[in-house]
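**Q** So that we are looking at the same thing, I have put the structure below in structure tokens.
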Amino acid sequence: MAATLTHIGATGEANMVDVGDKSETTRTAIAEGTVAMRPETLALILSGNAKKGDVLGTARIAGIMAAKRTHELIPLCHPLLLTKVSVEIEPDEALPGLRITALARVTGKTGVEMEALTAASVACLTIYDMAKAADRGMVISGIRLVEKTGGKSGDYKAGA
């Protein structure tokens with residue numbers, strides 16, 4: 001069976017998918033991303049002494065807020081009544097930098113992959129914004145869907 005693009009109509013026009021006949025199920029998505037930086041920048045962020053304030057706390061809140069507004073940012077996304085959004089930020093000395101993991105959950109008729117990806121992306125961007133005075137060479141990368149559960153298309157796990 002060939003894959004199809006669900007947001008493209010029969011004549012090629014963009015459209016919003018009709019989810020009216022879908023069943024409501026609990027759907028969860030987890031996305032991740034990284035921000036690589038100089039070791040000194042990571043130490044500055046972890047010390048809590050960055051010039052703009054609490055980098056990790058601000059990035060966490062920004063990611064959560066972004067997930068809630070995904071339908072305003074990504075054309076054709078359905079507005080969702082999210083039941084859970086979390087953003088975890090962990091230092092990774094091997095990068096060096098920070099690993100961001102975002103989880104989004106809903107009980108509804110459509111998935112939350114875009115909400116999780118948006119949360120991870122905006123958290124990464126916020127880290128960059130808050131620490132750019134110390135390190136403009138930071139690199140945001142690895143934004144991807146790690147896992148999703150629920151819905152008609154079934155479960156997905158990256159690398160499986």
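The chains in the structure tokens are called A, B, ... from first to last as shown; in each chain the residues are counted from 1, and the ligands are counted from 1 in the order shown.
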Show me a table, sorted first by chain and then by increasing residue number, of the residues of segment 78-110 of chain A having an atom at most 12 Å from segment 130-151 of chain A, each with its shortest atom pair and the distance in Å to one decimal, counting only C-alpha atoms and written as JSON lines.
**A**
{"residue": "A:Leu95", "atom": "CA", "partner": "A:Val139", "partner_atom": "CA", "distance": 10.2}
{"residue": "A:Pro96", "atom": "CA", "partner": "A:Met138", "partner_atom": "CA", "distance": 10.1}
{"residue": "A:Gly97", "atom": "CA", "partner": "A:Met138", "partner_atom": "CA", "distance": 8.7}
{"residue": "A:Leu98", "atom": "CA", "partner": "A:Ile140", "partner_atom": "CA", "distance": 9.7}
{"residue": "A:Arg99", "atom": "CA", "partner": "A:Gly142", "partner_atom": "CA", "distance": 9.5}
{"residue": "A:Ile100", "atom": "CA", "partner": "A:Ile143", "partner_atom": "CA", "distance": 9.1}
{"residue": "A:Thr101", "atom": "CA", "partner": "A:Val146", "partner_atom": "CA", "distance": 9.0}
{"residue": "A:Ala102", "atom": "CA", "partner": "A:Leu145", "partner_atom": "CA", "distance": 9.5}
{"residue": "A:Leu103", "atom": "CA", "partner": "A:Glu147", "partner_atom": "CA", "distance": 9.4}
{"residue": "A:Ala104", "atom": "CA", "partner": "A:Lys148", "partner_atom": "CA", "distance": 9.5}
{"residue": "A:Arg105", "atom": "CA", "partner": "A:Thr149", "partner_atom": "CA", "distance": 9.5}
{"residue": "A:Val106", "atom": "CA", "partner": "A:Gly150", "partner_atom": "CA", "distance": 9.7}
{"residue": "A:Thr107", "atom": "CA", "partner": "A:Gly150", "partner_atom": "CA", "distance": 9.3}
{"residue": "A:Gly108", "atom": "CA", "partner": "A:Gly151", "partner_atom": "CA", "distance": 8.9}
{"residue": "A:Lys109", "atom": "CA", "partner": "A:Gly151", "partner_atom": "CA", "distance": 7.5}
{"residue": "A:Thr110", "atom": "CA", "partner": "A:Gly151", "partner_atom": "CA", "distance": 7.1}
**Q** Please produce an output containing N, CA, C and O atoms for each residue in the selection, written as a PDB file, in the first residue's frame.
**A**
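result-v9.pdb, freshly written:
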ATOM      1  N   LEU A  95      27.738  15.864  24.743  1.00  0.00           N
ATOM      2  CA  LEU A  95      27.511  16.748  23.599  1.00  0.00           C
ATOM      3  C   LEU A  95      28.613  17.799  23.473  1.00  0.00           C
ATOM      4  O   LEU A  95      29.075  17.980  22.344  1.00  0.00           O
ATOM      5  N   PRO A  96      28.981  18.589  24.366  1.00  0.00           N
ATOM      6  CA  PRO A  96      28.261  18.934  25.596  1.00  0.00           C
ATOM      7  C   PRO A  96      27.040  19.791  25.260  1.00  0.00           C
ATOM      8  O   PRO A  96      27.021  20.485  24.262  1.00  0.00           O
ATOM      9  N   GLY A  97      26.048  19.696  26.144  1.00  0.00           N
ATOM     10  CA  GLY A  97      24.852  20.482  25.930  1.00  0.00           C
ATOM     11  C   GLY A  97      23.674  19.940  26.700  1.00  0.00           C
ATOM     12  O   GLY A  97      23.840  19.330  27.761  1.00  0.00           O
ATOM     13  N   LEU A  98      22.487  20.151  26.147  1.00  0.00           N
ATOM     14  CA  LEU A  98      21.247  19.784  26.818  1.00  0.00           C
ATOM     15  C   LEU A  98      20.393  18.914  25.905  1.00  0.00           C
ATOM     16  O   LEU A  98      20.314  19.159  24.698  1.00  0.00           O
ATOM     17  N   ARG A  99      19.744  17.918  26.491  1.00  0.00           N
ATOM     18  CA  ARG A  99      18.781  17.049  25.793  1.00  0.00           C
ATOM     19  C   ARG A  99      17.387  17.424  26.264  1.00  0.00           C
ATOM     20  O   ARG A  99      17.126  17.462  27.460  1.00  0.00           O
ATOM     21  N   ILE A 100      16.525  17.659  25.313  1.00  0.00           N
ATOM     22  CA  ILE A 100      15.159  18.068  25.610  1.00  0.00           C
ATOM     23  C   ILE A 100      14.230  16.929  25.195  1.00  0.00           C
ATOM     24  O   ILE A 100      14.339  16.409  24.083  1.00  0.00           O
ATOM     25  N   THR A 101      13.323  16.551  26.087  1.00  0.00           N
ATOM     26  CA  THR A 101      12.313  15.538  25.790  1.00  0.00           C
ATOM     27  C   THR A 101      10.951  16.132  26.118  1.00  0.00           C
ATOM     28  O   THR A 101      10.736  16.593  27.237  1.00  0.00           O
ATOM     29  N   ALA A 102      10.068  16.123  25.135  1.00  0.00           N
ATOM     30  CA  ALA A 102       8.722  16.680  25.312  1.00  0.00           C
ATOM     31  C   ALA A 102       7.693  15.584  25.129  1.00  0.00           C
ATOM     32  O   ALA A 102       7.787  14.778  24.202  1.00  0.00           O
ATOM     33  N   LEU A 103       6.712  15.559  26.021  1.00  0.00           N
ATOM     34  CA  LEU A 103       5.597  14.617  25.952  1.00  0.00           C
ATOM     35  C   LEU A 103       4.308  15.405  25.829  1.00  0.00           C
ATOM     36  O   LEU A 103       4.118  16.398  26.539  1.00  0.00           O
ATOM     37  N   ALA A 104       3.436  14.960  24.912  1.00  0.00           N
ATOM     38  CA  ALA A 104       2.103  15.548  24.786  1.00  0.00           C
ATOM     39  C   ALA A 104       1.085  14.417  24.794  1.00  0.00           C
ATOM     40  O   ALA A 104       1.315  13.356  24.215  1.00  0.00           O
ATOM     41  N   ARG A 105      -0.048  14.648  25.461  1.00  0.00           N
ATOM     42  CA  ARG A 105      -1.099  13.630  25.549  1.00  0.00           C
ATOM     43  C   ARG A 105      -2.462  14.291  25.370  1.00  0.00           C
ATOM     44  O   ARG A 105      -2.679  15.415  25.805  1.00  0.00           O
ATOM     45  N   VAL A 106      -3.361  13.545  24.752  1.00  0.00           N
ATOM     46  CA  VAL A 106      -4.730  14.005  24.544  1.00  0.00           C
ATOM     47  C   VAL A 106      -5.638  12.777  24.499  1.00  0.00           C
ATOM     48  O   VAL A 106      -5.199  11.692  24.130  1.00  0.00           O
ATOM     49  N   THR A 107      -6.872  12.958  24.897  1.00  0.00           N
ATOM     50  CA  THR A 107      -7.906  11.976  24.585  1.00  0.00           C
ATOM     51  C   THR A 107      -8.751  12.649  23.520  1.00  0.00           C
ATOM     52  O   THR A 107      -9.447  13.625  23.796  1.00  0.00           O
ATOM     53  N   GLY A 108      -8.612  12.153  22.290  1.00  0.00           N
ATOM     54  CA  GLY A 108      -9.280  12.820  21.192  1.00  0.00           C
ATOM     55  C   GLY A 108      -9.247  12.004  19.922  1.00  0.00           C
ATOM     56  O   GLY A 108      -8.943  10.811  19.931  1.00  0.00           O
ATOM     57  N   LYS A 109      -9.521  12.698  18.817  1.00  0.00           N
ATOM     58  CA  LYS A 109      -9.681  12.050  17.520  1.00  0.00           C
ATOM     59  C   LYS A 109      -8.471  12.201  16.618  1.00  0.00           C
ATOM     60  O   LYS A 109      -8.465  11.693  15.503  1.00  0.00           O
ATOM     61  N   THR A 110      -7.459  12.912  17.066  1.00  0.00           N
ATOM     62  CA  THR A 110      -6.252  13.090  16.257  1.00  0.00           C
ATOM     63  C   THR A 110      -5.038  13.105  17.179  1.00  0.00           C
ATOM     64  O   THR A 110      -5.151  13.369  18.370  1.00  0.00           O
TER      65      THR A 110
END
**Q** What gap, in Å, lies between atom CA of Thr118 of chain A and atom CA of Ala36 of chain A?
**A**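 Calculated distance between atom CA of Thr118 of chain A and atom CA of Ala36 of chain A is 18.7 Å.
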**Q** Quick one, how far is atom CA of Thr28 of chain A from atom CA of Ala116 of chain A?
**A** 8.8 Å
**Q** Would you mind listing what lies within 10 Å of Asp129 of chain A as a PyMOL selection string, with only C-alpha atoms counted and same-chain residues fewer than 5 positions away left out?
**A** chain A and resi 52+55+59+123-124+135-136
**Q** Keeping N, CA, C and O atoms for every residue in the selection just given, could you write it to a file as a PDB file, in the first residue's frame?
**A**
ATOM      1  N   LYS A  52      20.113  36.316  31.319  1.00  0.00           N
ATOM      2  CA  LYS A  52      18.658  36.471  31.167  1.00  0.00           C
ATOM      3  C   LYS A  52      17.864  35.734  32.232  1.00  0.00           C
ATOM      4  O   LYS A  52      16.644  35.813  32.242  1.00  0.00           O
ATOM      5  N   VAL A  55      17.404  29.688  32.587  1.00  0.00           N
ATOM      6  CA  VAL A  55      17.300  29.172  31.224  1.00  0.00           C
ATOM      7  C   VAL A  55      16.430  27.914  31.178  1.00  0.00           C
ATOM      8  O   VAL A  55      15.525  27.798  30.351  1.00  0.00           O
ATOM      9  N   ALA A  59      12.769  27.689  29.409  1.00  0.00           N
ATOM     10  CA  ALA A  59      12.640  26.818  28.239  1.00  0.00           C
ATOM     11  C   ALA A  59      11.537  25.786  28.455  1.00  0.00           C
ATOM     12  O   ALA A  59      10.776  25.470  27.529  1.00  0.00           O
ATOM     13  N   ALA A 123      11.425  24.755  23.053  1.00  0.00           N
ATOM     14  CA  ALA A 123      12.315  24.679  24.224  1.00  0.00           C
ATOM     15  C   ALA A 123      13.770  24.847  23.784  1.00  0.00           C
ATOM     16  O   ALA A 123      14.530  25.594  24.411  1.00  0.00           O
ATOM     17  N   CYS A 124      14.157  24.187  22.697  1.00  0.00           N
ATOM     18  CA  CYS A 124      15.518  24.337  22.172  1.00  0.00           C
ATOM     19  C   CYS A 124      15.794  25.784  21.747  1.00  0.00           C
ATOM     20  O   CYS A 124      16.854  26.349  22.062  1.00  0.00           O
ATOM     21  N   ASP A 135      27.193  32.302  23.895  1.00  0.00           N
ATOM     22  CA  ASP A 135      27.642  31.295  22.919  1.00  0.00           C
ATOM     23  C   ASP A 135      26.726  31.307  21.693  1.00  0.00           C
ATOM     24  O   ASP A 135      25.723  30.613  21.649  1.00  0.00           O
ATOM     25  N   ARG A 136      27.085  32.079  20.678  1.00  0.00           N
ATOM     26  CA  ARG A 136      26.279  32.123  19.452  1.00  0.00           C
ATOM     27  C   ARG A 136      26.513  30.902  18.572  1.00  0.00           C
ATOM     28  O   ARG A 136      25.792  30.694  17.603  1.00  0.00           O
TER      29      ARG A 136
END
**Q** So the first atom is atom CA of Glu88 of chain A and the second is atom CA of Val122 of chain A; what is the distance between them in Å, to one decimal place?
**A**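 Calculated distance between atom CA of Glu88 of chain A and atom CA of Val122 of chain A is 12.7 Å.
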**Q** Please determine, counting only C-alpha atoms, which residue among A:Ala62, A:Val112, A:Ala31, A:Leu56 has the shortest atom-to-atom distance to Leu81 of chain A.
**A**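 Closest candidate: A:Val112.
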**Q** Run DSSP on the backbone and tell me which residues of chain A come out as helix (DSSP H, G or I); list them as a PyMOL selection string.
**A** chain A and resi 39-47+55-68+70-73+113-131
**Q** Any idea what's packed within 12 Å of Ala94 of chain A, counting only C-alpha atoms, ignoring anything in its chain fewer than 6 positions away? Could you give it as an NGL selection string?
**A** :A and (34-39 or 42)
**Q** Generate a file of the selected residues that holds N, CA and C atoms, formatted as a CSV table (one decimal), in the first residue's frame.
**A**
chain,number,residue,atom,x,y,z
A,34,THR,N,18.2,18.4,20.8
A,34,THR,CA,19.4,18.7,21.6
A,34,THR,C,19.9,20.1,21.2
A,35,VAL,N,20.6,20.7,22.2
A,35,VAL,CA,21.3,22.0,22.0
A,35,VAL,C,22.7,21.7,22.4
A,36,ALA,N,23.6,21.7,21.4
A,36,ALA,CA,25.1,21.5,21.7
A,36,ALA,C,25.7,22.9,21.9
A,37,MET,N,26.6,22.9,22.9
A,37,MET,CA,27.2,24.2,23.2
A,37,MET,C,28.6,24.0,23.8
A,38,ARG,N,29.3,25.1,24.1
A,38,ARG,CA,30.6,25.0,24.7
A,38,ARG,C,30.4,24.5,26.1
A,39,PRO,N,31.4,23.8,26.7
A,39,PRO,CA,31.3,23.3,28.1
A,39,PRO,C,31.1,24.5,29.1
A,42,LEU,N,27.4,25.5,29.0
A,42,LEU,CA,26.6,24.5,29.8
A,42,LEU,C,26.7,24.7,31.3
